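Trainee: Below is the file query13.tsv, which contains TSV, C-alpha atoms.
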chain	number	residue	atom	x	y	z
A	22	MET	CA	11.16	-36.76	32.59
A	23	ASN	CA	14.11	-36.16	30.28
A	24	ILE	CA	16.57	-33.28	30.51
A	25	THR	CA	14.96	-31.28	27.70
A	26	SER	CA	11.57	-31.47	29.39
A	27	GLN	CA	13.10	-30.36	32.71
A	28	GLN	CA	14.99	-27.48	31.09
A	29	TYR	CA	11.88	-26.45	29.18
A	30	ASP	CA	9.85	-26.38	32.40
A	31	SER	CA	12.55	-24.31	34.13
A	32	VAL	CA	12.48	-21.71	31.36
A	33	ILE	CA	8.69	-21.58	31.35
A	34	ALA	CA	8.56	-21.24	35.14
A	35	ILE	CA	10.55	-17.99	34.88
A	36	CYS	CA	8.40	-16.72	31.98
A	37	ARG	CA	5.16	-17.68	33.75
A	38	SER	CA	6.22	-15.96	36.97
A	39	LEU	CA	6.94	-12.74	35.07
A	40	PHE	CA	3.60	-13.03	33.23
A	41	ILE	CA	1.72	-13.42	36.53
A	42	ASN	CA	3.55	-10.53	38.17
A	43	LYS	CA	2.86	-8.27	35.20
A	44	MET	CA	-0.80	-9.34	35.32
A	45	LYS	CA	-0.82	-8.23	38.98
A	46	ASP	CA	0.77	-4.90	38.03
A	47	TYR	CA	-1.15	-4.11	34.84
A	48	GLY	CA	-4.10	-6.45	34.69
A	49	SER	CA	-5.01	-7.83	31.29
A	50	ALA	CA	-4.55	-4.53	29.43
A	51	TRP	CA	-2.84	-6.60	26.69
A	52	ARG	CA	-6.27	-8.04	25.82
A	53	ILE	CA	-7.01	-4.92	23.75
A	54	LEU	CA	-4.06	-5.61	21.43
A	55	ARG	CA	-4.90	-6.82	17.97
A	56	LEU	CA	-2.81	-9.66	16.62
A	57	PRO	CA	-0.62	-7.47	14.37
A	58	SER	CA	0.27	-5.35	17.41
A	59	LEU	CA	1.42	-8.44	19.31
A	60	THR	CA	3.32	-9.62	16.24
A	61	ASP	CA	5.05	-6.24	16.07
A	62	GLN	CA	5.97	-6.42	19.78
A	63	ILE	CA	7.58	-9.81	19.19
A	64	TYR	CA	9.31	-8.45	16.09
A	65	ILE	CA	10.82	-5.57	18.09
A	66	LYS	CA	12.19	-8.06	20.64
A	67	ALA	CA	13.63	-10.34	17.95
A	68	GLN	CA	15.22	-7.40	16.11
A	69	ARG	CA	16.81	-6.22	19.37
A	70	ILE	CA	18.23	-9.69	19.96
A	71	ARG	CA	19.70	-9.71	16.46
A	72	SER	CA	21.16	-6.26	17.03
A	73	LEU	CA	22.71	-7.37	20.33
A	74	GLN	CA	24.19	-10.41	18.59
A	75	GLU	CA	25.69	-8.35	15.77
A	76	ASN	CA	26.83	-5.14	17.45
A	77	GLU	CA	30.05	-5.01	19.38
A	78	VAL	CA	29.01	-1.92	21.34
A	79	ARG	CA	25.95	-1.97	23.60
A	80	LYS	CA	24.53	1.25	24.94
A	81	VAL	CA	22.26	-0.60	27.38
A	82	ASP	CA	24.01	-3.27	29.43
A	83	GLU	CA	21.56	-6.13	28.93
A	84	ASP	CA	21.79	-9.45	27.18
A	85	GLU	CA	19.21	-11.29	25.11
A	86	THR	CA	17.62	-13.16	28.02
A	87	GLY	CA	14.84	-10.67	28.74
A	88	GLU	CA	14.01	-10.33	25.08
A	89	PHE	CA	13.64	-14.10	24.59
A	90	ILE	CA	11.39	-14.20	27.67
A	91	GLY	CA	9.34	-11.39	26.10
A	92	ILE	CA	9.02	-13.36	22.86
A	93	ILE	CA	7.68	-16.33	24.81
A	94	ASN	CA	5.15	-14.31	26.80
A	95	TYR	CA	3.94	-12.17	23.91
A	96	SER	CA	3.54	-15.31	21.79
A	97	VAL	CA	1.40	-16.89	24.52
A	98	MET	CA	-0.70	-13.71	24.62
A	99	ALA	CA	-1.12	-13.95	20.85
A	100	LEU	CA	-2.28	-17.55	21.13
A	101	ILE	CA	-4.81	-16.48	23.77
A	102	GLN	CA	-5.99	-13.64	21.53
A	103	LEU	CA	-6.40	-16.08	18.64
A	104	GLU	CA	-8.69	-18.18	20.81
A	105	LEU	CA	-10.65	-15.46	22.63
A	106	GLY	CA	-10.52	-12.55	20.22
A	107	VAL	CA	-9.72	-8.93	21.00
A	108	VAL	CA	-11.74	-6.96	23.56
A	109	ASP	CA	-12.28	-3.25	24.20
A	110	GLN	CA	-11.56	-3.49	27.92
A	111	PRO	CA	-9.39	-5.82	30.00
A	112	ASP	CA	-11.51	-8.83	30.94
A	113	LEU	CA	-9.27	-11.48	32.49
A	114	ASN	CA	-8.26	-11.81	36.11
A	115	VAL	CA	-4.89	-13.28	37.09
A	116	GLU	CA	-6.31	-16.75	37.71
A	117	LYS	CA	-8.09	-17.06	34.35
A	118	ALA	CA	-5.17	-15.56	32.42
A	119	THR	CA	-2.78	-17.98	34.13
A	120	GLU	CA	-5.06	-20.91	33.33
A	121	LEU	CA	-5.07	-19.89	29.65
A	122	TYR	CA	-1.30	-19.36	29.74
A	123	ASP	CA	-0.81	-22.87	31.10
A	124	GLN	CA	-3.11	-24.37	28.46
A	125	LYS	CA	-1.21	-22.69	25.61
A	126	ILE	CA	2.15	-23.72	27.04
A	127	ALA	CA	1.00	-27.33	27.50
A	128	LEU	CA	0.01	-27.55	23.83
A	129	THR	CA	3.22	-25.85	22.74
A	130	LYS	CA	5.38	-28.12	24.88
A	131	GLN	CA	3.65	-31.17	23.41
A	132	LEU	CA	4.44	-29.86	19.93
A	133	MET	CA	8.08	-29.42	21.00
A	134	GLU	CA	8.24	-32.96	22.35
A	135	ASP	CA	6.74	-34.40	19.16
A	136	LYS	CA	9.14	-32.47	16.93
A	137	ASN	CA	12.05	-33.15	19.25
A	138	HIS	CA	11.38	-36.85	18.90
A	139	ASP	CA	11.29	-36.64	15.11
A	140	TYR	CA	14.30	-34.32	14.74
A	141	GLY	CA	16.48	-35.92	17.41
A	142	GLU	CA	17.17	-32.69	19.31
A	143	ALA	CA	18.99	-31.16	16.34
A	144	TRP	CA	18.40	-27.73	17.93
A	145	ARG	CA	21.11	-28.51	20.51
A	146	GLU	CA	23.70	-28.23	17.71
A	147	MET	CA	22.34	-24.90	16.48
A	148	ARG	CA	23.63	-21.43	17.19
A	149	VAL	CA	21.50	-19.01	19.20
A	150	SER	CA	21.84	-16.58	16.28
A	151	SER	CA	20.22	-19.16	13.98
A	152	LEU	CA	17.30	-19.53	16.39
A	153	THR	CA	16.95	-15.74	16.34
A	154	ASP	CA	16.86	-15.77	12.55
A	155	LEU	CA	14.24	-18.52	12.57
A	156	ILE	CA	12.09	-16.46	14.93
A	157	LEU	CA	12.42	-13.47	12.59
A	158	GLN	CA	11.48	-15.67	9.63
A	159	LYS	CA	8.39	-16.92	11.49
A	160	LEU	CA	7.46	-13.31	12.23
A	161	LEU	CA	7.69	-12.37	8.57
A	162	ARG	CA	5.49	-15.34	7.75
A	163	VAL	CA	2.94	-14.29	10.37
A	164	LYS	CA	2.91	-10.75	9.01
A	165	GLN	CA	2.23	-12.11	5.53
A	166	ILE	CA	-0.57	-14.34	6.82
A	167	GLU	CA	-2.03	-11.35	8.67
A	168	ASP	CA	-1.84	-9.32	5.45
A	169	ASN	CA	-3.70	-12.20	3.76
A	170	LYS	CA	-6.48	-11.91	6.38
A	171	GLY	CA	-5.39	-15.15	8.05
A	172	LYS	CA	-5.72	-17.26	4.92
A	173	THR	CA	-3.11	-19.74	3.78
A	174	LEU	CA	-3.18	-22.06	0.78
A	175	VAL	CA	-0.85	-24.85	1.89
A	176	SER	CA	0.99	-23.52	4.94
A	177	GLU	CA	0.47	-23.92	8.65
A	178	GLY	CA	-1.53	-21.21	10.37
A	179	ILE	CA	-0.56	-18.36	12.61
A	180	ASP	CA	-0.92	-20.43	15.78
A	181	ALA	CA	1.74	-22.94	14.71
A	182	ASN	CA	4.13	-20.08	13.95
A	183	TYR	CA	3.65	-18.57	17.41
A	184	GLN	CA	4.19	-22.00	18.96
A	185	ASP	CA	7.42	-22.42	17.00
A	186	MET	CA	8.59	-19.00	18.17
A	187	ILE	CA	7.97	-19.99	21.78
A	188	ASN	CA	9.90	-23.21	21.32
A	189	TYR	CA	12.80	-21.52	19.51
A	190	ALA	CA	13.05	-18.91	22.28
A	191	VAL	CA	13.04	-21.64	24.95
A	192	PHE	CA	15.77	-23.48	23.04
A	193	ALA	CA	17.83	-20.28	22.81
A	194	LEU	CA	17.59	-19.72	26.56
A	195	ILE	CA	18.60	-23.33	27.21
A	196	LEU	CA	21.57	-23.02	24.85
A	197	MET	CA	22.58	-19.77	26.51
A	198	LYS	CA	22.64	-21.80	29.75
A	199	LYS	CA	20.31	-19.34	31.44
A	200	PHE	CA	18.14	-22.05	32.98
Can you turn what I pasted into structure tokens?
Mentor:
Amino acid sequence: MNITSQQYDSVIAICRSLFINKMKDYGSAWRILRLPSLTDQIYIKAQRIRSLQENEVRKVDEDETGEFIGIINYSVMALIQLELGVVDQPDLNVEKATELYDQKIALTKQLMEDKNHDYGEAWREMRVSSLTDLILQKLLRVKQIEDNKGKTLVSEGIDANYQDMINYAVFALILMKKF
């Protein structure tokens, strides 16, 4: 296992643990969220990160770490919603939700490894602020696809954009030396 794979797994272990603990606290209440609502939650987190990166004064003494973790977990929830659809009442127990989480992360990690091979780990030379901007760009793309009722002419779908957001957030946390 190479260093990127190990670092990726370390980041995801923290995110997964938080996801499981929140499932224990709140259940799968997030299952009622429509995709645009999840997209907006991710957007809020990305905008806060950008604000923290640009503003010299912080009124809440927190860094971007928690927000990047939120982007990862909300993106996984969105991928699950894409597969299962929205429900009127929470319907997943911790075990099933965790199983789905792990499936979505496995696919997303494989995408990262494939792209990492082709791009030669170029992300390691990027700035965290650039990764934030790329996440925001992906969010604007997702919003447009949502406005187009999920249809694209030549572009990748919503799922690929959520996977890219997960991977960019993982990369940012690695670059920030948080894991």
Trainee: Can you write out as a tab-separated table which residues of range 37-101 of chain A fall within 12 Å of range 171-179 of chain A, alongside each residue's closest atom pair and its distance in Å to one decimal, counting all atoms listed in the file and ordering rows by chain and ascending residue number?
Mentor:
residue	atom	partner	partner_atom	distance
A:Leu56	CA	A:Ile179	CA	9.8
A:Pro57	CA	A:Gly171	CA	11.0
A:Thr60	CA	A:Ile179	CA	10.2
A:Ser96	CA	A:Ile179	CA	10.5
A:Ala99	CA	A:Ile179	CA	9.4
A:Leu100	CA	A:Ile179	CA	8.7
Trainee: Have a look at CA of Met44 in chain A and CA of Arg71 in chain A and let me know their distance in Å, one decimal.
Mentor: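 CA of Arg71 in chain A lies 27.9 Å from CA of Met44 in chain A.
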Trainee: For Leu157 in chain A, find every residue with an atom within 10 Å (counting all atoms listed in the file), except residues of its own chain fewer than 6 positions away, and show them as a list of chain:residue names.
Mentor: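 Those residues are A:Ile63, A:Tyr64, A:Ile65, A:Lys66, A:Ala67, A:Gln68, A:Arg71, A:Ser151, A:Val163, A:Met186.
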Trainee: Please list, as an mmCIF file with C-alpha atoms, in the frame of the given file, the residues that have an atom at most 12 Å away from (-11.8, -10.9, 30.3) in the coordinates of this file, counting only C-alpha atoms.
Mentor:
data_model
loop_
_atom_site.group_PDB
_atom_site.id
_atom_site.type_symbol
_atom_site.label_atom_id
_atom_site.label_comp_id
_atom_site.auth_asym_id
_atom_site.auth_seq_id
_atom_site.Cartn_x
_atom_site.Cartn_y
_atom_site.Cartn_z
ATOM 1 C CA GLY A 48 -4.100 -6.450 34.690
ATOM 2 C CA SER A 49 -5.010 -7.830 31.290
ATOM 3 C CA ALA A 50 -4.550 -4.530 29.430
ATOM 4 C CA TRP A 51 -2.840 -6.600 26.690
ATOM 5 C CA ARG A 52 -6.270 -8.040 25.820
ATOM 6 C CA ILE A 53 -7.010 -4.920 23.750
ATOM 7 C CA ILE A 101 -4.810 -16.480 23.770
ATOM 8 C CA GLN A 102 -5.990 -13.640 21.530
ATOM 9 C CA LEU A 105 -10.650 -15.460 22.630
ATOM 10 C CA GLY A 106 -10.520 -12.550 20.220
ATOM 11 C CA VAL A 107 -9.720 -8.930 21.000
ATOM 12 C CA VAL A 108 -11.740 -6.960 23.560
ATOM 13 C CA ASP A 109 -12.280 -3.250 24.200
ATOM 14 C CA GLN A 110 -11.560 -3.490 27.920
ATOM 15 C CA PRO A 111 -9.390 -5.820 30.000
ATOM 16 C CA ASP A 112 -11.510 -8.830 30.940
ATOM 17 C CA LEU A 113 -9.270 -11.480 32.490
ATOM 18 C CA ASN A 114 -8.260 -11.810 36.110
ATOM 19 C CA VAL A 115 -4.890 -13.280 37.090
ATOM 20 C CA GLU A 116 -6.310 -16.750 37.710
ATOM 21 C CA LYS A 117 -8.090 -17.060 34.350
ATOM 22 C CA ALA A 118 -5.170 -15.560 32.420
ATOM 23 C CA LEU A 121 -5.070 -19.890 29.650
#
Trainee: Any idea what the distance is between CA of Ile93 in chain A and CA of Tyr183 in chain A?
Mentor: 8.7 Å
Trainee: Could you tell me which of A:Ala193, A:Ile33, A:Leu59, A:Ile126 comes closest to Glu146 in chain A if we count all atoms listed in the file?
Mentor: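 Closest residue, counting all atoms listed in the file: A:Ala193.
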Trainee: Got a sec to write range 29-74 of chain A of the block to a file, N, CA and C atoms, as a PDB file, in the first residue's frame?
Mentor:
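Output contents, as saved in decode.pdb:
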ATOM      1  N   TYR A  29      -5.090   8.390   2.655  1.00  0.00           N
ATOM      2  CA  TYR A  29      -6.506   8.414   2.286  1.00  0.00           C
ATOM      3  C   TYR A  29      -7.318   7.632   3.315  1.00  0.00           C
ATOM      4  N   ASP A  30      -6.865   6.421   3.608  1.00  0.00           N
ATOM      5  CA  ASP A  30      -7.575   5.575   4.572  1.00  0.00           C
ATOM      6  C   ASP A  30      -7.636   6.215   5.952  1.00  0.00           C
ATOM      7  N   SER A  31      -6.575   6.909   6.353  1.00  0.00           N
ATOM      8  CA  SER A  31      -6.561   7.586   7.656  1.00  0.00           C
ATOM      9  C   SER A  31      -7.602   8.697   7.711  1.00  0.00           C
ATOM     10  N   VAL A  32      -7.688   9.467   6.634  1.00  0.00           N
ATOM     11  CA  VAL A  32      -8.698  10.539   6.568  1.00  0.00           C
ATOM     12  C   VAL A  32     -10.094   9.932   6.633  1.00  0.00           C
ATOM     13  N   ILE A  33     -10.327   8.922   5.815  1.00  0.00           N
ATOM     14  CA  ILE A  33     -11.660   8.311   5.753  1.00  0.00           C
ATOM     15  C   ILE A  33     -12.025   7.665   7.080  1.00  0.00           C
ATOM     16  N   ALA A  34     -11.070   7.103   7.789  1.00  0.00           N
ATOM     17  CA  ALA A  34     -11.369   6.490   9.090  1.00  0.00           C
ATOM     18  C   ALA A  34     -11.961   7.519  10.056  1.00  0.00           C
ATOM     19  N   ILE A  35     -11.428   8.730  10.046  1.00  0.00           N
ATOM     20  CA  ILE A  35     -11.959   9.803  10.901  1.00  0.00           C
ATOM     21  C   ILE A  35     -13.364  10.185  10.450  1.00  0.00           C
ATOM     22  N   CYS A  36     -13.550  10.360   9.145  1.00  0.00           N
ATOM     23  CA  CYS A  36     -14.854  10.739   8.583  1.00  0.00           C
ATOM     24  C   CYS A  36     -15.896   9.658   8.874  1.00  0.00           C
ATOM     25  N   ARG A  37     -15.514   8.425   8.664  1.00  0.00           N
ATOM     26  CA  ARG A  37     -16.415   7.276   8.871  1.00  0.00           C
ATOM     27  C   ARG A  37     -16.834   7.185  10.342  1.00  0.00           C
ATOM     28  N   SER A  38     -15.886   7.366  11.235  1.00  0.00           N
ATOM     29  CA  SER A  38     -16.191   7.318  12.663  1.00  0.00           C
ATOM     30  C   SER A  38     -17.220   8.390  13.036  1.00  0.00           C
ATOM     31  N   LEU A  39     -17.024   9.595  12.522  1.00  0.00           N
ATOM     32  CA  LEU A  39     -17.979  10.673  12.788  1.00  0.00           C
ATOM     33  C   LEU A  39     -19.345  10.336  12.193  1.00  0.00           C
ATOM     34  N   PHE A  40     -19.368   9.811  10.974  1.00  0.00           N
ATOM     35  CA  PHE A  40     -20.620   9.405  10.332  1.00  0.00           C
ATOM     36  C   PHE A  40     -21.364   8.383  11.200  1.00  0.00           C
ATOM     37  N   ILE A  41     -20.661   7.375  11.665  1.00  0.00           N
ATOM     38  CA  ILE A  41     -21.278   6.330  12.498  1.00  0.00           C
ATOM     39  C   ILE A  41     -21.806   6.922  13.795  1.00  0.00           C
ATOM     40  N   ASN A  42     -21.009   7.758  14.446  1.00  0.00           N
ATOM     41  CA  ASN A  42     -21.464   8.356  15.708  1.00  0.00           C
ATOM     42  C   ASN A  42     -22.671   9.262  15.511  1.00  0.00           C
ATOM     43  N   LYS A  43     -22.706   9.986  14.406  1.00  0.00           N
ATOM     44  CA  LYS A  43     -23.884  10.820  14.130  1.00  0.00           C
ATOM     45  C   LYS A  43     -25.090   9.956  13.798  1.00  0.00           C
ATOM     46  N   MET A  44     -24.864   8.825  13.141  1.00  0.00           N
ATOM     47  CA  MET A  44     -25.963   7.882  12.887  1.00  0.00           C
ATOM     48  C   MET A  44     -26.529   7.375  14.220  1.00  0.00           C
ATOM     49  N   LYS A  45     -25.656   7.127  15.178  1.00  0.00           N
ATOM     50  CA  LYS A  45     -26.101   6.663  16.502  1.00  0.00           C
ATOM     51  C   LYS A  45     -26.881   7.756  17.227  1.00  0.00           C
ATOM     52  N   ASP A  46     -26.464   9.006  17.043  1.00  0.00           N
ATOM     53  CA  ASP A  46     -27.149  10.132  17.684  1.00  0.00           C
ATOM     54  C   ASP A  46     -28.475  10.480  17.013  1.00  0.00           C
ATOM     55  N   TYR A  47     -28.473  10.538  15.676  1.00  0.00           N
ATOM     56  CA  TYR A  47     -29.608  11.078  14.935  1.00  0.00           C
ATOM     57  C   TYR A  47     -30.349  10.072  14.067  1.00  0.00           C
ATOM     58  N   GLY A  48     -29.800   8.874  13.936  1.00  0.00           N
ATOM     59  CA  GLY A  48     -30.388   7.934  13.000  1.00  0.00           C
ATOM     60  C   GLY A  48     -30.139   8.409  11.580  1.00  0.00           C
ATOM     61  N   SER A  49     -30.935   7.921  10.666  1.00  0.00           N
ATOM     62  CA  SER A  49     -30.750   8.292   9.256  1.00  0.00           C
ATOM     63  C   SER A  49     -31.725   9.388   8.838  1.00  0.00           C
ATOM     64  N   ALA A  50     -31.890  10.391   9.703  1.00  0.00           N
ATOM     65  CA  ALA A  50     -32.779  11.515   9.387  1.00  0.00           C
ATOM     66  C   ALA A  50     -32.382  12.182   8.071  1.00  0.00           C
ATOM     67  N   TRP A  51     -31.101  12.115   7.710  1.00  0.00           N
ATOM     68  CA  TRP A  51     -30.610  12.703   6.460  1.00  0.00           C
ATOM     69  C   TRP A  51     -31.236  12.053   5.235  1.00  0.00           C
ATOM     70  N   ARG A  52     -31.840  10.886   5.389  1.00  0.00           N
ATOM     71  CA  ARG A  52     -32.443  10.189   4.248  1.00  0.00           C
ATOM     72  C   ARG A  52     -33.630  10.944   3.657  1.00  0.00           C
ATOM     73  N   ILE A  53     -34.180  11.901   4.384  1.00  0.00           N
ATOM     74  CA  ILE A  53     -35.302  12.686   3.849  1.00  0.00           C
ATOM     75  C   ILE A  53     -34.826  13.849   2.976  1.00  0.00           C
ATOM     76  N   LEU A  54     -33.525  14.118   2.987  1.00  0.00           N
ATOM     77  CA  LEU A  54     -32.997  15.251   2.226  1.00  0.00           C
ATOM     78  C   LEU A  54     -32.957  14.955   0.730  1.00  0.00           C
ATOM     79  N   ARG A  55     -33.526  15.878  -0.022  1.00  0.00           N
ATOM     80  CA  ARG A  55     -33.414  15.787  -1.475  1.00  0.00           C
ATOM     81  C   ARG A  55     -32.006  16.195  -1.882  1.00  0.00           C
ATOM     82  N   LEU A  56     -31.606  15.773  -3.061  1.00  0.00           N
ATOM     83  CA  LEU A  56     -30.247  16.031  -3.521  1.00  0.00           C
ATOM     84  C   LEU A  56     -29.865  17.517  -3.482  1.00  0.00           C
ATOM     85  N   PRO A  57     -30.717  18.431  -3.944  1.00  0.00           N
ATOM     86  CA  PRO A  57     -30.333  19.845  -3.860  1.00  0.00           C
ATOM     87  C   PRO A  57     -30.071  20.316  -2.425  1.00  0.00           C
ATOM     88  N   SER A  58     -30.754  19.733  -1.461  1.00  0.00           N
ATOM     89  CA  SER A  58     -30.511  20.107  -0.060  1.00  0.00           C
ATOM     90  C   SER A  58     -29.124  19.647   0.386  1.00  0.00           C
ATOM     91  N   LEU A  59     -28.734  18.451  -0.015  1.00  0.00           N
ATOM     92  CA  LEU A  59     -27.383  17.976   0.310  1.00  0.00           C
ATOM     93  C   LEU A  59     -26.331  18.814  -0.415  1.00  0.00           C
ATOM     94  N   THR A  60     -26.596  19.139  -1.667  1.00  0.00           N
ATOM     95  CA  THR A  60     -25.687  19.995  -2.425  1.00  0.00           C
ATOM     96  C   THR A  60     -25.510  21.332  -1.718  1.00  0.00           C
ATOM     97  N   ASP A  61     -26.610  21.896  -1.236  1.00  0.00           N
ATOM     98  CA  ASP A  61     -26.530  23.177  -0.533  1.00  0.00           C
ATOM     99  C   ASP A  61     -25.767  23.058   0.781  1.00  0.00           C
ATOM    100  N   GLN A  62     -25.902  21.947   1.486  1.00  0.00           N
ATOM    101  CA  GLN A  62     -25.133  21.734   2.717  1.00  0.00           C
ATOM    102  C   GLN A  62     -23.634  21.716   2.415  1.00  0.00           C
ATOM    103  N   ILE A  63     -23.275  21.025   1.349  1.00  0.00           N
ATOM    104  CA  ILE A  63     -21.863  20.969   0.947  1.00  0.00           C
ATOM    105  C   ILE A  63     -21.389  22.362   0.538  1.00  0.00           C
ATOM    106  N   TYR A  64     -22.241  23.083  -0.178  1.00  0.00           N
ATOM    107  CA  TYR A  64     -21.902  24.432  -0.623  1.00  0.00           C
ATOM    108  C   TYR A  64     -21.622  25.355   0.573  1.00  0.00           C
ATOM    109  N   ILE A  65     -22.458  25.258   1.600  1.00  0.00           N
ATOM    110  CA  ILE A  65     -22.252  26.069   2.813  1.00  0.00           C
ATOM    111  C   ILE A  65     -20.886  25.772   3.420  1.00  0.00           C
ATOM    112  N   LYS A  66     -20.535  24.504   3.493  1.00  0.00           N
ATOM    113  CA  LYS A  66     -19.244  24.101   4.066  1.00  0.00           C
ATOM    114  C   LYS A  66     -18.085  24.637   3.218  1.00  0.00           C
ATOM    115  N   ALA A  67     -18.199  24.507   1.900  1.00  0.00           N
ATOM    116  CA  ALA A  67     -17.133  24.977   1.016  1.00  0.00           C
ATOM    117  C   ALA A  67     -16.996  26.507   1.082  1.00  0.00           C
ATOM    118  N   GLN A  68     -18.120  27.202   1.144  1.00  0.00           N
ATOM    119  CA  GLN A  68     -18.075  28.666   1.253  1.00  0.00           C
ATOM    120  C   GLN A  68     -17.427  29.082   2.572  1.00  0.00           C
ATOM    121  N   ARG A  69     -17.713  28.358   3.654  1.00  0.00           N
ATOM    122  CA  ARG A  69     -17.102  28.677   4.944  1.00  0.00           C
ATOM    123  C   ARG A  69     -15.595  28.466   4.874  1.00  0.00           C
ATOM    124  N   ILE A  70     -15.180  27.390   4.228  1.00  0.00           N
ATOM    125  CA  ILE A  70     -13.738  27.145   4.081  1.00  0.00           C
ATOM    126  C   ILE A  70     -13.094  28.306   3.328  1.00  0.00           C
ATOM    127  N   ARG A  71     -13.725  28.715   2.246  1.00  0.00           N
ATOM    128  CA  ARG A  71     -13.167  29.819   1.453  1.00  0.00           C
ATOM    129  C   ARG A  71     -13.099  31.093   2.288  1.00  0.00           C
ATOM    130  N   SER A  72     -14.122  31.332   3.056  1.00  0.00           N
ATOM    131  CA  SER A  72     -14.146  32.503   3.932  1.00  0.00           C
ATOM    132  C   SER A  72     -13.018  32.428   4.971  1.00  0.00           C
ATOM    133  N   LEU A  73     -12.832  31.257   5.560  1.00  0.00           N
ATOM    134  CA  LEU A  73     -11.748  31.088   6.535  1.00  0.00           C
ATOM    135  C   LEU A  73     -10.383  31.302   5.881  1.00  0.00           C
ATOM    136  N   GLN A  74     -10.257  30.889   4.643  1.00  0.00           N
ATOM    137  CA  GLN A  74      -8.984  31.048   3.933  1.00  0.00           C
ATOM    138  C   GLN A  74      -8.708  32.500   3.559  1.00  0.00           C
TER     139      GLN A  74
END
